[in-house]
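Asks: My questions all concern the structure below.
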Amino acid sequence: MLLCAGLLVCSLDASADKTGYYRWADDEGKQHFTQQPPKGRKYDFVETRSGATIHSDGTDLTSANEPENNGNDAAPEKMEILPPKDPALCKKAKGNMQSLKANGARIRITNADGSTRMLNTEEIKQQENRAQQVIKLHCN
């Protein structure tokens, strides 16, 4: 059961980082691909991993709760699309973290060939880091 939970945390780690690029056309119709959205233009955000496209009409998407940028018109360095918080994943990751801390070096995994072995200290730390990332994404 712990192995399945660990594998789930590993797979979630891969899906947590959403990156992509912006596709837009200039006044002459020439297509551009950039890391920052164009100001005042329609664009598509294309997610690199899945190929999913999010369309924008070019209007400012700043919400009323976000602070004003005080004249700083620089585009953000990185944009991340975060999945909605999932209480079930939060609970599972917290349980995994508790097991990793309580069991220490006594965590056994079963390999694809059916052989078993104990996780070493470095592997346990990696699993703790992955669980912590899922907790940060889905709990906080």
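Here, A, B, ... name the chains of the structure tokens in the order displayed, residue numbers run from 1 inside each chain, and ligands are numbered from 1 in the same displayed order.
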Do you know which residues are at most 6 Å from range 31-43 of chain A counting only C-alpha atoms, after dropping those on the same chain fewer than 2 positions away, and could you put them as a PyMOL selection string?
Replies: chain A and resi 21-25+56-58
Asks: My list of candidates is A:Asp26, A:Thr110, A:Ile124, A:Ile135. Which is closest to Ala93 in chain A when distances are computed with only C-alpha atoms?
Replies: A:Ile135
Asks: Where does DSSP see strand (DSSP E) in range 91-125 of chain A, if you list the residues as a list in words?
Replies: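 Answer for range 91-125 of chain A restricted to strand (DSSP E) is Arg108, Ile109, Thr110, Thr116, Arg117 and Met118 of chain A.
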Asks: Mind checking which residues fall within 12 Å of Thr121 in chain A, counting only C-alpha atoms, ignoring those fewer than 2 positions away in the same chain, and posting them as a PyMOL selection string?
Replies: chain A and resi 100-101+103-107+118-119+123-128
Asks: Could you write out that same residue set with N, CA and C atoms as a PDB file, in the first residue's frame?
Replies:
```
ATOM      1  N   LEU A 100       6.448   7.972   6.218  1.00  0.00           N
ATOM      2  CA  LEU A 100       7.874   8.116   5.925  1.00  0.00           C
ATOM      3  C   LEU A 100       8.639   8.542   7.169  1.00  0.00           C
ATOM      4  N   LYS A 101       8.072   9.434   7.946  1.00  0.00           N
ATOM      5  CA  LYS A 101       8.750   9.910   9.163  1.00  0.00           C
ATOM      6  C   LYS A 101       8.735   8.833  10.253  1.00  0.00           C
ATOM      7  N   ASN A 103       8.356   5.446   9.940  1.00  0.00           N
ATOM      8  CA  ASN A 103       9.009   4.179   9.625  1.00  0.00           C
ATOM      9  C   ASN A 103      10.497   4.321   9.331  1.00  0.00           C
ATOM     10  N   GLY A 104      10.954   5.522   9.071  1.00  0.00           N
ATOM     11  CA  GLY A 104      12.370   5.732   8.811  1.00  0.00           C
ATOM     12  C   GLY A 104      12.895   4.858   7.702  1.00  0.00           C
ATOM     13  N   ALA A 105      13.956   4.119   7.974  1.00  0.00           N
ATOM     14  CA  ALA A 105      14.627   3.310   6.951  1.00  0.00           C
ATOM     15  C   ALA A 105      13.982   1.945   6.753  1.00  0.00           C
ATOM     16  N   ARG A 106      12.820   1.702   7.330  1.00  0.00           N
ATOM     17  CA  ARG A 106      12.187   0.389   7.245  1.00  0.00           C
ATOM     18  C   ARG A 106      11.043   0.403   6.232  1.00  0.00           C
ATOM     19  N   ILE A 107      11.283   0.964   5.061  1.00  0.00           N
ATOM     20  CA  ILE A 107      10.265   1.005   4.015  1.00  0.00           C
ATOM     21  C   ILE A 107      10.714   0.087   2.894  1.00  0.00           C
ATOM     22  N   MET A 118      14.735  -2.600   0.553  1.00  0.00           N
ATOM     23  CA  MET A 118      14.444  -1.491   1.459  1.00  0.00           C
ATOM     24  C   MET A 118      14.912  -0.185   0.819  1.00  0.00           C
ATOM     25  N   LEU A 119      14.135   0.881   1.031  1.00  0.00           N
ATOM     26  CA  LEU A 119      14.565   2.196   0.558  1.00  0.00           C
ATOM     27  C   LEU A 119      15.760   2.652   1.385  1.00  0.00           C
ATOM     28  N   GLU A 123      16.633   7.794  -0.810  1.00  0.00           N
ATOM     29  CA  GLU A 123      15.333   7.550  -1.442  1.00  0.00           C
ATOM     30  C   GLU A 123      14.182   7.975  -0.531  1.00  0.00           C
ATOM     31  N   ILE A 124      14.347   7.775   0.765  1.00  0.00           N
ATOM     32  CA  ILE A 124      13.317   8.211   1.718  1.00  0.00           C
ATOM     33  C   ILE A 124      13.208   9.727   1.691  1.00  0.00           C
ATOM     34  N   LYS A 125      14.332  10.411   1.655  1.00  0.00           N
ATOM     35  CA  LYS A 125      14.317  11.882   1.574  1.00  0.00           C
ATOM     36  C   LYS A 125      13.634  12.347   0.295  1.00  0.00           C
ATOM     37  N   GLN A 126      13.884  11.671  -0.826  1.00  0.00           N
ATOM     38  CA  GLN A 126      13.232  12.020  -2.084  1.00  0.00           C
ATOM     39  C   GLN A 126      11.720  11.862  -1.968  1.00  0.00           C
ATOM     40  N   GLN A 127      11.281  10.772  -1.363  1.00  0.00           N
ATOM     41  CA  GLN A 127       9.847  10.546  -1.183  1.00  0.00           C
ATOM     42  C   GLN A 127       9.246  11.604  -0.252  1.00  0.00           C
ATOM     43  N   GLU A 128       9.982  11.993   0.789  1.00  0.00           N
ATOM     44  CA  GLU A 128       9.506  13.051   1.688  1.00  0.00           C
ATOM     45  C   GLU A 128       9.368  14.366   0.933  1.00  0.00           C
TER      46      GLU A 128
END
```
Asks: Just the residues within 12 Å of Ala52 in chain A, please, counting only C-alpha atoms, with nothing from its chain fewer than 2 positions along; format it as a PyMOL selection string.
Replies: chain A and resi 18-22+44-50+54-55+81
Asks: Keeping only C-alpha atoms, write those residues as a JSON list (two decimals), in the first residue's frame.
Replies:
```json
[["chain", "number", "residue", "atom", "x", "y", "z"],
["A", 18, "LYS", "CA", 2.57, 23.30, -15.83],
["A", 19, "THR", "CA", 4.66, 25.14, -18.37],
["A", 20, "GLY", "CA", 4.03, 26.30, -21.88],
["A", 21, "TYR", "CA", 4.28, 29.13, -24.35],
["A", 22, "TYR", "CA", 2.16, 31.93, -25.80],
["A", 44, "ASP", "CA", -3.32, 31.27, -26.87],
["A", 45, "PHE", "CA", -1.40, 29.69, -23.99],
["A", 46, "VAL", "CA", -0.29, 26.21, -25.09],
["A", 47, "GLU", "CA", 0.63, 23.84, -22.28],
["A", 48, "THR", "CA", 3.82, 22.03, -23.24],
["A", 49, "ARG", "CA", 3.12, 18.61, -21.70],
["A", 50, "SER", "CA", -0.50, 18.07, -22.69],
["A", 54, "ILE", "CA", -6.17, 28.28, -23.23],
["A", 55, "HIS", "CA", -7.55, 31.18, -25.29],
["A", 81, "ILE", "CA", -1.18, 26.81, -14.17]]
```
Asks: Which residues, written as a VMD selection string, have at least one atom at most 10 Å from Asp86 in chain A, with only C-alpha atoms counted and residues fewer than 6 positions away on the same chain left out?
Replies: chain A and resid 134 to 135 137 to 139
Asks: Quick one, how far is CA of Ala102 in chain A from CA of Gln132 in chain A?
Replies: 15.2 Å
Asks: To one decimal place in Å, what is the distance between CA of Lys92 in chain A and CA of Ala131 in chain A?
Replies: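 So the answer is 8.8 Å.
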Asks: CA of Gln98 in chain A and CA of Ser115 in chain A, how far apart in Å?
Replies: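 For CA of Ser115 in chain A relative to CA of Gln98 in chain A, the distance reads 25.4 Å.
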